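A quick write-up on the structure given underneath.
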Amino acid sequence: MARRWWTLPLFLVSALAPSFSLAGPAFENTAIVRTIELGGSLVHVSTTYAVKALEPGQTTYQIALSKAERAKTSWLEAKVKARLHLSSSARMSPGVAEYLLSISLPKALAVNGTLNLVLETMQTHATRPFPEQAAQNEPQLLKYETDLFTISPYTTLVQRTKIKSIAPNVISYTTPHDVDSFVRDGSVTRSGGTITYGPYHDIQTDTDFVAKHQQSVSVHYSFDYPVIEVETLHRTAEISHWGSNLNIEDKAHLHNAGPTLKGHFSRLEYQSQNFQRKQAPHILSDFTLHLPPGVTNAYFYDQNGNVSTSHLRTAPSVAKGSKAVQYSVLQLRPRYPVLGGWNYSYTIGFDTPLQDSVSYDAKDGVYMVGVPVMTPIPGTVVNDAEVKIILPEGATNVKFVSPFPEISNSMSTHISYLDTVGRPAVTFTYKNLTYKHTDNIYVSYQVPLSAHLKKVLSVSAAFFSLFAFAFMARRVNLNLHKK
């Protein structure tokens with residue numbers, strides 16, 4: 001039976017608790033600065049907490065997440081500023097109330113001791129097209145909403161929120177109301193594509209404050225890149241010891257989540273836009289994937305067959321454990337431009353040398369393979385992913401570890417050509433994956449010598465039986481009468 005390995009994070013050790021009641025007045029936030037970098041399918045949020053201890057020997061700090069933040073957050077990482085090696089990440093599922101994230105500090109703080117904590121999160125499905133429809137030559141406008149105040153179980157002396165758009169074309173933004181008692185200069189300012197809310201002073205922690213003063217703010221902005229989602233991704237990684245090969249195949253169903261097309265698609269207008277290099281931002285015409293070094297036999301096809309509008313630039317293979325300085329670049333151009341609301345299903349696959357991914361412990365006879373969870377398309381979210389790792393026939397003592405919590409995992413048997421009893425396979429399911437989730441799944445297993453020889457012996461026996469049957473059949477006389 002498969003066993004899982006669990007690793008304890010160095011810095012982020014806990015879970016989420018459903019209220020503020022667990023936190024006491026052990027700390028004070030001298031400042032909170034939240035920076036929101038707007039995108040399409042993904043929004044990156046970085047929050048810095050300037051913390052001061054009010055009681056001696058404090059080792060645990062708690063960060064609050066509202067139910068809206070928790071529902072949108074697919075990845076987070078907590079760290080001490082300028083000490084990145086203490087960071088670790090966790091993945092959350094949707095919730096229904098405020099939650100506390102407990103952080104174990106690297107050392108106990110004395111009274112009036114200070115520390116800067118940074119919480120980075122990646123939000124998915126946090127924006128929406130507004131308006132929901134756009135003509136082929138119209139711009140793409142998105143809307144993002146968030147809470148005005150960063151909630152915390154501790155009193156905050158001053159806090160500010162910066163919302164940054166890639167393009168300076170911000171259509172509109174919300175002006176907060178009933179915040180005069182917290183501001184001294186102005187409640188909101190704009191500089192180019194950056195909207196700054198605050199600074200706000202003396203933010204309290206009680207629920208009455210949140211109920212009375214917390215409010216939603218929104219930014220309506222222009223986004224110059226397609227808003228792409230991969231609705232389903234099925235990755236199959238097959239390990240072959242006889243072929244010394246790792247084959248990876250991805251079957252993806254891609255969706256353009258930007259504003260849906262208003263009216264009919266015009267091929268003439270599309271070609272004219274390409275000629276003038278003024279293509280509408282909500283049209284996906286091509287995308288690029290970074291594949292591992294040393295890939296061979298790459299292929300790309302869709303439901304109609306092979307797609308020849310692709311180009312692969314390979315990088316030389318590197319030894320396992322070495323840091324790759326280059327990637328193989330696969331440029332893909334779908335069979336047709338994918339406009340807002342349109343879908344595109346495709347399959348890509350490639351081979352890599354097995355020695356680049358698998359190591360062997362001769363003392364224990366254990367193989368260790370590392371398989372990437374996915375190959376991300378820049379700026380996209382994968383709504384539902386399934387990763388299936390097929391091991392060699394006869395593999396035993398299978399153990400595995402996922403780089404982050406999965407929705408589920410299971411063991412099964414995969415039967416392919418020239419198999420006798422089938423190959424063990426490990427399947428993982430995930431939700432809301434981003435480019436932050438590209439680490440490796442590690443699987444260890446053992447393959448006895450008898451399993452290595454089983455395929456050879458079974459093929460030899462099959463051919464021997466066939467030749468023996470042919471040899472005997474030629475000597476059987478089926479004539480009714482002798483000549």
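How things are named: the first chain in the structure tokens is A, the next is B, and so on; residues count from 1 in each chain; ligands count from 1 in the order shown.
Once A:Leu312 and its same-chain neighbours fewer than 3 positions away are set aside, A:Ala298, A:Ser328, A:Val329, A:Leu330, A:Gln331 remain within 8 Å of it when counting only C-alpha atoms.
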Could you save those same residues with C-alpha atoms as a CSV table (one decimal), in the first residue's frame?
```csv
chain,number,residue,atom,x,y,z
A,298,ALA,CA,7.6,16.9,-29.1
A,328,SER,CA,13.5,24.3,-24.2
A,329,VAL,CA,11.0,26.8,-25.7
A,330,LEU,CA,7.8,25.5,-27.4
A,331,GLN,CA,5.9,28.2,-29.3
```
Can you list, as a VMD selection string, every residue of stretch 207-417 of chain A that DSSP puts in strand (DSSP E or B)? chain A and resid 216 to 222 228 to 240 245 to 256 260 to 261 284 287 to 291 296 to 302 305 to 306 310 to 313 328 to 332 338 343 to 353 358 to 361 366 to 372 381 to 390 396 to 401 408 to 414
What's around stretch 456-466 of chain A at 9 Å? Count only C-alpha atoms, leave out sequence neighbours fewer than 5 positions away in its own chain, and write the answer as a list in words. Leu418, Asp419, Thr420 and Phe471 of chain A
With stretch 166-181 of chain A as the partner and 7 Å as the cut-off, tabulate the residues of stretch 189-243 of chain A that qualify, each row holding the nearest pair of atoms and their distance in Å to one decimal, using only C-alpha atoms, sorted by chain and rising number, as JSON lines.
```
{"residue": "A:Gly192", "atom": "CA", "partner": "A:Pro168", "partner_atom": "CA", "distance": 5.1}
{"residue": "A:Gly193", "atom": "CA", "partner": "A:Pro168", "partner_atom": "CA", "distance": 3.9}
{"residue": "A:Val217", "atom": "CA", "partner": "A:Thr174", "partner_atom": "CA", "distance": 5.3}
{"residue": "A:Ser218", "atom": "CA", "partner": "A:Thr174", "partner_atom": "CA", "distance": 5.5}
{"residue": "A:Val219", "atom": "CA", "partner": "A:Tyr173", "partner_atom": "CA", "distance": 4.4}
{"residue": "A:His220", "atom": "CA", "partner": "A:Ser172", "partner_atom": "CA", "distance": 5.1}
{"residue": "A:Tyr221", "atom": "CA", "partner": "A:Val170", "partner_atom": "CA", "distance": 4.4}
{"residue": "A:Ser222", "atom": "CA", "partner": "A:Asn169", "partner_atom": "CA", "distance": 5.8}
{"residue": "A:Phe223", "atom": "CA", "partner": "A:Ala167", "partner_atom": "CA", "distance": 6.8}
```
Take the residues just selected and output them with C-alpha atoms as a CSV table (one decimal), in the first residue's frame.
```csv
chain,number,residue,atom,x,y,z
A,192,GLY,CA,-0.5,56.9,-13.1
A,193,GLY,CA,-1.7,53.3,-12.8
A,217,VAL,CA,-13.5,49.1,-3.1
A,218,SER,CA,-13.1,48.4,-6.8
A,219,VAL,CA,-10.8,49.4,-9.6
A,220,HIS,CA,-11.9,49.4,-13.2
A,221,TYR,CA,-8.9,49.1,-15.5
A,222,SER,CA,-7.6,48.3,-18.9
A,223,PHE,CA,-5.7,45.0,-19.4
```
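Of the residues under consideration (A:Ser240, A:Asn440, A:Lys455, A:Tyr435), A:Lys455 shows the shortest atom-to-atom contact distance to A:Val421 when counting only C-alpha atoms.
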Closest contacts (stretch 121-188 of chain A/stretch 56-64 of chain A, max 7 Å, only C-alpha atoms) as JSON lines:
```
{"residue": "A:Ile151", "atom": "CA", "partner": "A:Ala64", "partner_atom": "CA", "distance": 6.1}
{"residue": "A:Ser152", "atom": "CA", "partner": "A:Ala64", "partner_atom": "CA", "distance": 5.2}
{"residue": "A:Pro153", "atom": "CA", "partner": "A:Ala64", "partner_atom": "CA", "distance": 6.6}
```
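If you measure from each of A:Ile36, A:Ile389, A:Val230, A:Ala362 to A:Ile195 using only C-alpha atoms, the closest one turns out to be A:Ile36.
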Atomic distance atom CA of A:Arg184 - atom CA of A:Tyr154, expressed in Å with one decimal: 21.6 Å
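The closest residue to A:Ile228, picked from A:Leu42, A:Leu157, A:Leu148, A:Val443 and counting only C-alpha atoms, is A:Leu42.
The shell of residues at most 9 Å from A:Ser317, with only C-alpha atoms counted and near chain neighbours (fewer than 3 positions) removed, consists of Pro292, Pro293, Gly294, Val295, Thr314, Ala324, Thr352, Pro353 and Asp356 of chain A.
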Excluding A:Ile348 and residues on its chain fewer than 2 positions from it, collect all residues at most 7 Å away from it, counting only C-alpha atoms, and give them as a PyMOL selection string. chain A and resi 249-251+299-301+346
Please save all heavy atoms of the selected residues as a PDB file, in the first residue's frame.
```
ATOM      1  N   GLU A 249       2.688  13.772 -21.263  1.00  0.00           N
ATOM      2  CA  GLU A 249       1.635  14.201 -22.190  1.00  0.00           C
ATOM      3  C   GLU A 249       0.599  15.002 -21.417  1.00  0.00           C
ATOM      4  O   GLU A 249       0.147  14.594 -20.348  1.00  0.00           O
ATOM      5  CB  GLU A 249       0.974  12.992 -22.854  1.00  0.00           C
ATOM      6  CG  GLU A 249      -0.105  13.377 -23.853  1.00  0.00           C
ATOM      7  CD  GLU A 249      -0.702  12.176 -24.560  1.00  0.00           C
ATOM      8  OE1 GLU A 249      -0.163  11.768 -25.599  1.00  0.00           O
ATOM      9  OE2 GLU A 249      -1.711  11.628 -24.045  1.00  0.00           O
ATOM     10  N   ASP A 250       0.244  16.166 -21.955  1.00  0.00           N
ATOM     11  CA  ASP A 250      -0.756  17.056 -21.357  1.00  0.00           C
ATOM     12  C   ASP A 250      -1.947  17.187 -22.284  1.00  0.00           C
ATOM     13  O   ASP A 250      -1.786  17.508 -23.471  1.00  0.00           O
ATOM     14  CB  ASP A 250      -0.170  18.447 -21.109  1.00  0.00           C
ATOM     15  CG  ASP A 250       0.876  18.460 -20.010  1.00  0.00           C
ATOM     16  OD1 ASP A 250       0.856  17.535 -19.168  1.00  0.00           O
ATOM     17  OD2 ASP A 250       1.715  19.395 -19.981  1.00  0.00           O
ATOM     18  N   LYS A 251      -3.132  16.945 -21.736  1.00  0.00           N
ATOM     19  CA  LYS A 251      -4.381  17.198 -22.446  1.00  0.00           C
ATOM     20  C   LYS A 251      -5.090  18.335 -21.729  1.00  0.00           C
ATOM     21  O   LYS A 251      -5.479  18.199 -20.569  1.00  0.00           O
ATOM     22  CB  LYS A 251      -5.255  15.944 -22.478  1.00  0.00           C
ATOM     23  CG  LYS A 251      -4.636  14.797 -23.272  1.00  0.00           C
ATOM     24  CD  LYS A 251      -5.570  13.593 -23.325  1.00  0.00           C
ATOM     25  CE  LYS A 251      -4.960  12.476 -24.169  1.00  0.00           C
ATOM     26  NZ  LYS A 251      -5.857  11.283 -24.234  1.00  0.00           N
ATOM     27  N   TYR A 299       5.270  16.817 -29.730  1.00  0.00           N
ATOM     28  CA  TYR A 299       4.133  16.820 -30.659  1.00  0.00           C
ATOM     29  C   TYR A 299       3.028  17.698 -30.091  1.00  0.00           C
ATOM     30  O   TYR A 299       2.933  17.933 -28.889  1.00  0.00           O
ATOM     31  CB  TYR A 299       3.628  15.402 -30.926  1.00  0.00           C
ATOM     32  CG  TYR A 299       3.271  14.599 -29.699  1.00  0.00           C
ATOM     33  CD1 TYR A 299       1.997  14.632 -29.141  1.00  0.00           C
ATOM     34  CD2 TYR A 299       4.230  13.777 -29.097  1.00  0.00           C
ATOM     35  CE1 TYR A 299       1.678  13.890 -28.023  1.00  0.00           C
ATOM     36  CE2 TYR A 299       3.921  13.023 -27.977  1.00  0.00           C
ATOM     37  CZ  TYR A 299       2.635  13.079 -27.431  1.00  0.00           C
ATOM     38  OH  TYR A 299       2.327  12.341 -26.320  1.00  0.00           O
ATOM     39  N   PHE A 300       2.177  18.180 -31.006  1.00  0.00           N
ATOM     40  CA  PHE A 300       1.109  19.107 -30.667  1.00  0.00           C
ATOM     41  C   PHE A 300      -0.044  18.855 -31.622  1.00  0.00           C
ATOM     42  O   PHE A 300       0.113  19.003 -32.828  1.00  0.00           O
ATOM     43  CB  PHE A 300       1.626  20.555 -30.780  1.00  0.00           C
ATOM     44  CG  PHE A 300       0.564  21.624 -30.649  1.00  0.00           C
ATOM     45  CD1 PHE A 300      -0.478  21.509 -29.743  1.00  0.00           C
ATOM     46  CD2 PHE A 300       0.623  22.767 -31.433  1.00  0.00           C
ATOM     47  CE1 PHE A 300      -1.441  22.483 -29.622  1.00  0.00           C
ATOM     48  CE2 PHE A 300      -0.329  23.764 -31.330  1.00  0.00           C
ATOM     49  CZ  PHE A 300      -1.362  23.617 -30.417  1.00  0.00           C
ATOM     50  N   TYR A 301      -1.176  18.450 -31.087  1.00  0.00           N
ATOM     51  CA  TYR A 301      -2.345  18.221 -31.945  1.00  0.00           C
ATOM     52  C   TYR A 301      -3.617  18.570 -31.184  1.00  0.00           C
ATOM     53  O   TYR A 301      -3.622  18.667 -29.949  1.00  0.00           O
ATOM     54  CB  TYR A 301      -2.380  16.768 -32.448  1.00  0.00           C
ATOM     55  CG  TYR A 301      -2.568  15.708 -31.380  1.00  0.00           C
ATOM     56  CD1 TYR A 301      -3.836  15.311 -30.967  1.00  0.00           C
ATOM     57  CD2 TYR A 301      -1.470  15.078 -30.799  1.00  0.00           C
ATOM     58  CE1 TYR A 301      -4.009  14.341 -30.003  1.00  0.00           C
ATOM     59  CE2 TYR A 301      -1.621  14.103 -29.836  1.00  0.00           C
ATOM     60  CZ  TYR A 301      -2.902  13.732 -29.446  1.00  0.00           C
ATOM     61  OH  TYR A 301      -3.067  12.760 -28.468  1.00  0.00           O
ATOM     62  N   TYR A 346      -6.432  20.899 -26.716  1.00  0.00           N
ATOM     63  CA  TYR A 346      -5.223  20.466 -27.416  1.00  0.00           C
ATOM     64  C   TYR A 346      -4.476  19.446 -26.563  1.00  0.00           C
ATOM     65  O   TYR A 346      -4.743  19.273 -25.362  1.00  0.00           O
ATOM     66  CB  TYR A 346      -4.312  21.656 -27.725  1.00  0.00           C
ATOM     67  CG  TYR A 346      -3.751  22.342 -26.494  1.00  0.00           C
ATOM     68  CD1 TYR A 346      -2.527  21.950 -25.954  1.00  0.00           C
ATOM     69  CD2 TYR A 346      -4.441  23.376 -25.871  1.00  0.00           C
ATOM     70  CE1 TYR A 346      -2.013  22.556 -24.820  1.00  0.00           C
ATOM     71  CE2 TYR A 346      -3.939  23.993 -24.743  1.00  0.00           C
ATOM     72  CZ  TYR A 346      -2.724  23.592 -24.230  1.00  0.00           C
ATOM     73  OH  TYR A 346      -2.226  24.199 -23.111  1.00  0.00           O
TER      74      TYR A 346
END
```
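Considering only C-alpha atoms, the residue among A:Leu433, A:Leu65, A:Val51, A:Ala280 positioned nearest to A:Leu117 is A:Val51.
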Give me the residues within 12 Å of A:Val183 as a PDB file with all heavy atoms, in the first residue's frame, counting only C-alpha atoms and dropping any in the same chain fewer than 6 places off.
```pdb
ATOM      1  N   LEU A 157      -1.593  50.769  13.949  1.00  0.00           N
ATOM      2  CA  LEU A 157      -1.420  52.215  14.072  1.00  0.00           C
ATOM      3  C   LEU A 157      -1.645  52.919  12.743  1.00  0.00           C
ATOM      4  O   LEU A 157      -2.264  53.987  12.698  1.00  0.00           O
ATOM      5  CB  LEU A 157      -0.016  52.531  14.609  1.00  0.00           C
ATOM      6  CG  LEU A 157       0.318  51.968  15.999  1.00  0.00           C
ATOM      7  CD1 LEU A 157       1.680  52.453  16.450  1.00  0.00           C
ATOM      8  CD2 LEU A 157      -0.763  52.354  17.011  1.00  0.00           C
ATOM      9  N   VAL A 158      -1.138  52.344  11.652  1.00  0.00           N
ATOM     10  CA  VAL A 158      -1.316  52.952  10.341  1.00  0.00           C
ATOM     11  C   VAL A 158      -1.279  51.855   9.288  1.00  0.00           C
ATOM     12  O   VAL A 158      -0.511  50.894   9.415  1.00  0.00           O
ATOM     13  CB  VAL A 158      -0.231  54.026  10.068  1.00  0.00           C
ATOM     14  CG1 VAL A 158       1.151  53.413  10.093  1.00  0.00           C
ATOM     15  CG2 VAL A 158      -0.474  54.724   8.740  1.00  0.00           C
ATOM     16  N   GLN A 159      -2.101  51.969   8.278  1.00  0.00           N
ATOM     17  CA  GLN A 159      -2.096  51.005   7.188  1.00  0.00           C
ATOM     18  C   GLN A 159      -2.436  51.699   5.875  1.00  0.00           C
ATOM     19  O   GLN A 159      -3.096  52.749   5.850  1.00  0.00           O
ATOM     20  CB  GLN A 159      -3.057  49.852   7.435  1.00  0.00           C
ATOM     21  CG  GLN A 159      -4.516  50.166   7.341  1.00  0.00           C
ATOM     22  CD  GLN A 159      -5.362  48.893   7.345  1.00  0.00           C
ATOM     23  OE1 GLN A 159      -5.994  48.563   6.341  1.00  0.00           O
ATOM     24  NE2 GLN A 159      -5.383  48.201   8.470  1.00  0.00           N
ATOM     25  N   ARG A 160      -1.955  51.085   4.796  1.00  0.00           N
ATOM     26  CA  ARG A 160      -2.167  51.649   3.463  1.00  0.00           C
ATOM     27  C   ARG A 160      -2.278  50.503   2.465  1.00  0.00           C
ATOM     28  O   ARG A 160      -1.672  49.442   2.637  1.00  0.00           O
ATOM     29  CB  ARG A 160      -1.012  52.599   3.165  1.00  0.00           C
ATOM     30  CG  ARG A 160      -0.534  52.696   1.821  1.00  0.00           C
ATOM     31  CD  ARG A 160       0.721  53.513   1.613  1.00  0.00           C
ATOM     32  NE  ARG A 160       0.783  54.803   2.275  1.00  0.00           N
ATOM     33  CZ  ARG A 160       1.613  55.070   3.268  1.00  0.00           C
ATOM     34  NH1 ARG A 160       2.417  54.133   3.723  1.00  0.00           N
ATOM     35  NH2 ARG A 160       1.640  56.254   3.816  1.00  0.00           N
ATOM     36  N   PRO A 176     -13.653  55.853  -0.847  1.00  0.00           N
ATOM     37  CA  PRO A 176     -14.282  55.364   0.394  1.00  0.00           C
ATOM     38  C   PRO A 176     -15.140  56.433   1.054  1.00  0.00           C
ATOM     39  O   PRO A 176     -14.945  57.637   0.864  1.00  0.00           O
ATOM     40  CB  PRO A 176     -13.086  55.000   1.279  1.00  0.00           C
ATOM     41  CG  PRO A 176     -11.915  54.930   0.349  1.00  0.00           C
ATOM     42  CD  PRO A 176     -12.202  55.867  -0.773  1.00  0.00           C
ATOM     43  N   HIS A 177     -16.094  55.986   1.855  1.00  0.00           N
ATOM     44  CA  HIS A 177     -16.977  56.897   2.575  1.00  0.00           C
ATOM     45  C   HIS A 177     -16.867  56.624   4.077  1.00  0.00           C
ATOM     46  O   HIS A 177     -16.492  55.523   4.506  1.00  0.00           O
ATOM     47  CB  HIS A 177     -18.426  56.730   2.098  1.00  0.00           C
ATOM     48  CG  HIS A 177     -18.940  55.325   2.231  1.00  0.00           C
ATOM     49  ND1 HIS A 177     -19.453  54.810   3.403  1.00  0.00           N
ATOM     50  CD2 HIS A 177     -18.998  54.314   1.314  1.00  0.00           C
ATOM     51  CE1 HIS A 177     -19.817  53.547   3.208  1.00  0.00           C
ATOM     52  NE2 HIS A 177     -19.557  53.216   1.955  1.00  0.00           N
ATOM     53  N   TYR A 197      -4.875  53.768  -1.240  1.00  0.00           N
ATOM     54  CA  TYR A 197      -5.893  54.002  -0.212  1.00  0.00           C
ATOM     55  C   TYR A 197      -5.182  54.162   1.126  1.00  0.00           C
ATOM     56  O   TYR A 197      -4.499  53.258   1.606  1.00  0.00           O
ATOM     57  CB  TYR A 197      -6.881  52.840  -0.160  1.00  0.00           C
ATOM     58  CG  TYR A 197      -7.815  52.787  -1.345  1.00  0.00           C
ATOM     59  CD1 TYR A 197      -7.508  52.011  -2.459  1.00  0.00           C
ATOM     60  CD2 TYR A 197      -8.996  53.522  -1.359  1.00  0.00           C
ATOM     61  CE1 TYR A 197      -8.360  51.966  -3.555  1.00  0.00           C
ATOM     62  CE2 TYR A 197      -9.856  53.484  -2.446  1.00  0.00           C
ATOM     63  CZ  TYR A 197      -9.536  52.704  -3.541  1.00  0.00           C
ATOM     64  OH  TYR A 197     -10.381  52.662  -4.627  1.00  0.00           O
ATOM     65  N   GLY A 198      -5.347  55.334   1.729  1.00  0.00           N
ATOM     66  CA  GLY A 198      -4.707  55.592   3.000  1.00  0.00           C
ATOM     67  C   GLY A 198      -3.584  56.606   2.843  1.00  0.00           C
ATOM     68  O   GLY A 198      -3.438  57.233   1.788  1.00  0.00           O
ATOM     69  N   PRO A 199      -2.803  56.802   3.915  1.00  0.00           N
ATOM     70  CA  PRO A 199      -2.781  55.977   5.123  1.00  0.00           C
ATOM     71  C   PRO A 199      -3.972  56.216   6.049  1.00  0.00           C
ATOM     72  O   PRO A 199      -4.447  57.341   6.176  1.00  0.00           O
ATOM     73  CB  PRO A 199      -1.473  56.402   5.795  1.00  0.00           C
ATOM     74  CG  PRO A 199      -1.215  57.794   5.295  1.00  0.00           C
ATOM     75  CD  PRO A 199      -1.756  57.842   3.910  1.00  0.00           C
ATOM     76  N   TYR A 200      -4.400  55.105   6.677  1.00  0.00           N
ATOM     77  CA  TYR A 200      -5.465  55.143   7.686  1.00  0.00           C
ATOM     78  C   TYR A 200      -4.841  54.870   9.037  1.00  0.00           C
ATOM     79  O   TYR A 200      -3.983  53.988   9.176  1.00  0.00           O
ATOM     80  CB  TYR A 200      -6.547  54.113   7.361  1.00  0.00           C
ATOM     81  CG  TYR A 200      -7.193  54.317   6.005  1.00  0.00           C
ATOM     82  CD1 TYR A 200      -7.035  53.384   4.988  1.00  0.00           C
ATOM     83  CD2 TYR A 200      -7.951  55.448   5.750  1.00  0.00           C
ATOM     84  CE1 TYR A 200      -7.617  53.572   3.745  1.00  0.00           C
ATOM     85  CE2 TYR A 200      -8.535  55.653   4.507  1.00  0.00           C
ATOM     86  CZ  TYR A 200      -8.365  54.719   3.507  1.00  0.00           C
ATOM     87  OH  TYR A 200      -8.936  54.919   2.275  1.00  0.00           O
ATOM     88  N   HIS A 201      -5.304  55.582  10.062  1.00  0.00           N
ATOM     89  CA  HIS A 201      -4.683  55.528  11.382  1.00  0.00           C
ATOM     90  C   HIS A 201      -5.629  54.910  12.400  1.00  0.00           C
ATOM     91  O   HIS A 201      -6.860  55.042  12.303  1.00  0.00           O
ATOM     92  CB  HIS A 201      -4.280  56.945  11.837  1.00  0.00           C
ATOM     93  CG  HIS A 201      -3.317  57.621  10.908  1.00  0.00           C
ATOM     94  ND1 HIS A 201      -1.956  57.545  11.063  1.00  0.00           N
ATOM     95  CD2 HIS A 201      -3.529  58.371   9.785  1.00  0.00           C
ATOM     96  CE1 HIS A 201      -1.353  58.236  10.101  1.00  0.00           C
ATOM     97  NE2 HIS A 201      -2.288  58.748   9.317  1.00  0.00           N
ATOM     98  N   ASP A 202      -5.022  54.224  13.388  1.00  0.00           N
ATOM     99  CA  ASP A 202      -5.733  53.672  14.545  1.00  0.00           C
ATOM    100  C   ASP A 202      -6.870  52.750  14.118  1.00  0.00           C
ATOM    101  O   ASP A 202      -8.048  52.992  14.404  1.00  0.00           O
ATOM    102  CB  ASP A 202      -6.277  54.809  15.424  1.00  0.00           C
ATOM    103  CG  ASP A 202      -5.161  55.706  15.948  1.00  0.00           C
ATOM    104  OD1 ASP A 202      -4.072  55.178  16.208  1.00  0.00           O
ATOM    105  OD2 ASP A 202      -5.401  56.920  16.081  1.00  0.00           O
ATOM    106  N   ILE A 203      -6.497  51.688  13.424  1.00  0.00           N
ATOM    107  CA  ILE A 203      -7.475  50.690  12.990  1.00  0.00           C
ATOM    108  C   ILE A 203      -7.628  49.652  14.098  1.00  0.00           C
ATOM    109  O   ILE A 203      -6.647  49.016  14.508  1.00  0.00           O
ATOM    110  CB  ILE A 203      -7.029  50.022  11.676  1.00  0.00           C
ATOM    111  CG1 ILE A 203      -6.728  51.098  10.617  1.00  0.00           C
ATOM    112  CG2 ILE A 203      -8.075  49.047  11.184  1.00  0.00           C
ATOM    113  CD1 ILE A 203      -7.901  51.998  10.314  1.00  0.00           C
TER     114      ILE A 203
END
```
Can you tell me which residues surround A:Pro424 at a distance of at most 6 Å, considering only C-alpha atoms, apart from same-chain residues fewer than 4 positions away, and format the answer as a PyMOL selection string? chain A and resi 391+412-413
Those selected residues, please, written with N, CA, C and O atoms and delivered as a short mmCIF file (atom, residue, chain, number, x, y, z; two decimals), in the first residue's frame.
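Once written, result-v9.cif looks like this:
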```
data_model
loop_
_atom_site.label_atom_id
_atom_site.label_comp_id
_atom_site.auth_asym_id
_atom_site.auth_seq_id
_atom_site.Cartn_x
_atom_site.Cartn_y
_atom_site.Cartn_z
N LEU A 391 4.36 4.08 -13.25
CA LEU A 391 5.65 3.50 -12.90
C LEU A 391 5.91 2.25 -13.72
O LEU A 391 4.99 1.71 -14.36
N SER A 412 -3.63 3.06 -8.70
CA SER A 412 -4.38 2.26 -9.66
C SER A 412 -3.41 1.43 -10.49
O SER A 412 -2.19 1.51 -10.30
N THR A 413 -3.94 0.65 -11.40
CA THR A 413 -3.14 -0.17 -12.30
C THR A 413 -3.40 0.27 -13.73
O THR A 413 -4.55 0.36 -14.17
#
```
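Reported to one decimal place, the separation of atom CA of A:Ser357 from atom CA of A:Ile248 is 11.9 Å.
Among the candidate residues A:His264, A:Arg335, A:His290, A:Arg235, the one lying nearest to A:Asp384 is A:Arg235, with distances computed using only C-alpha atoms.
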With only C-alpha atoms as the basis for distance, which of A:Pro392, A:Gly349, A:Pro281, A:Gly422 is at the shortest distance from A:Val369? A:Pro392
I need the residues of stretch 32-274 of chain A that end up classed as alpha helix (DSSP H) by DSSP on the backbone, written out as an MDAnalysis selection string. chainID A and resid 67:72 207:213 267:274
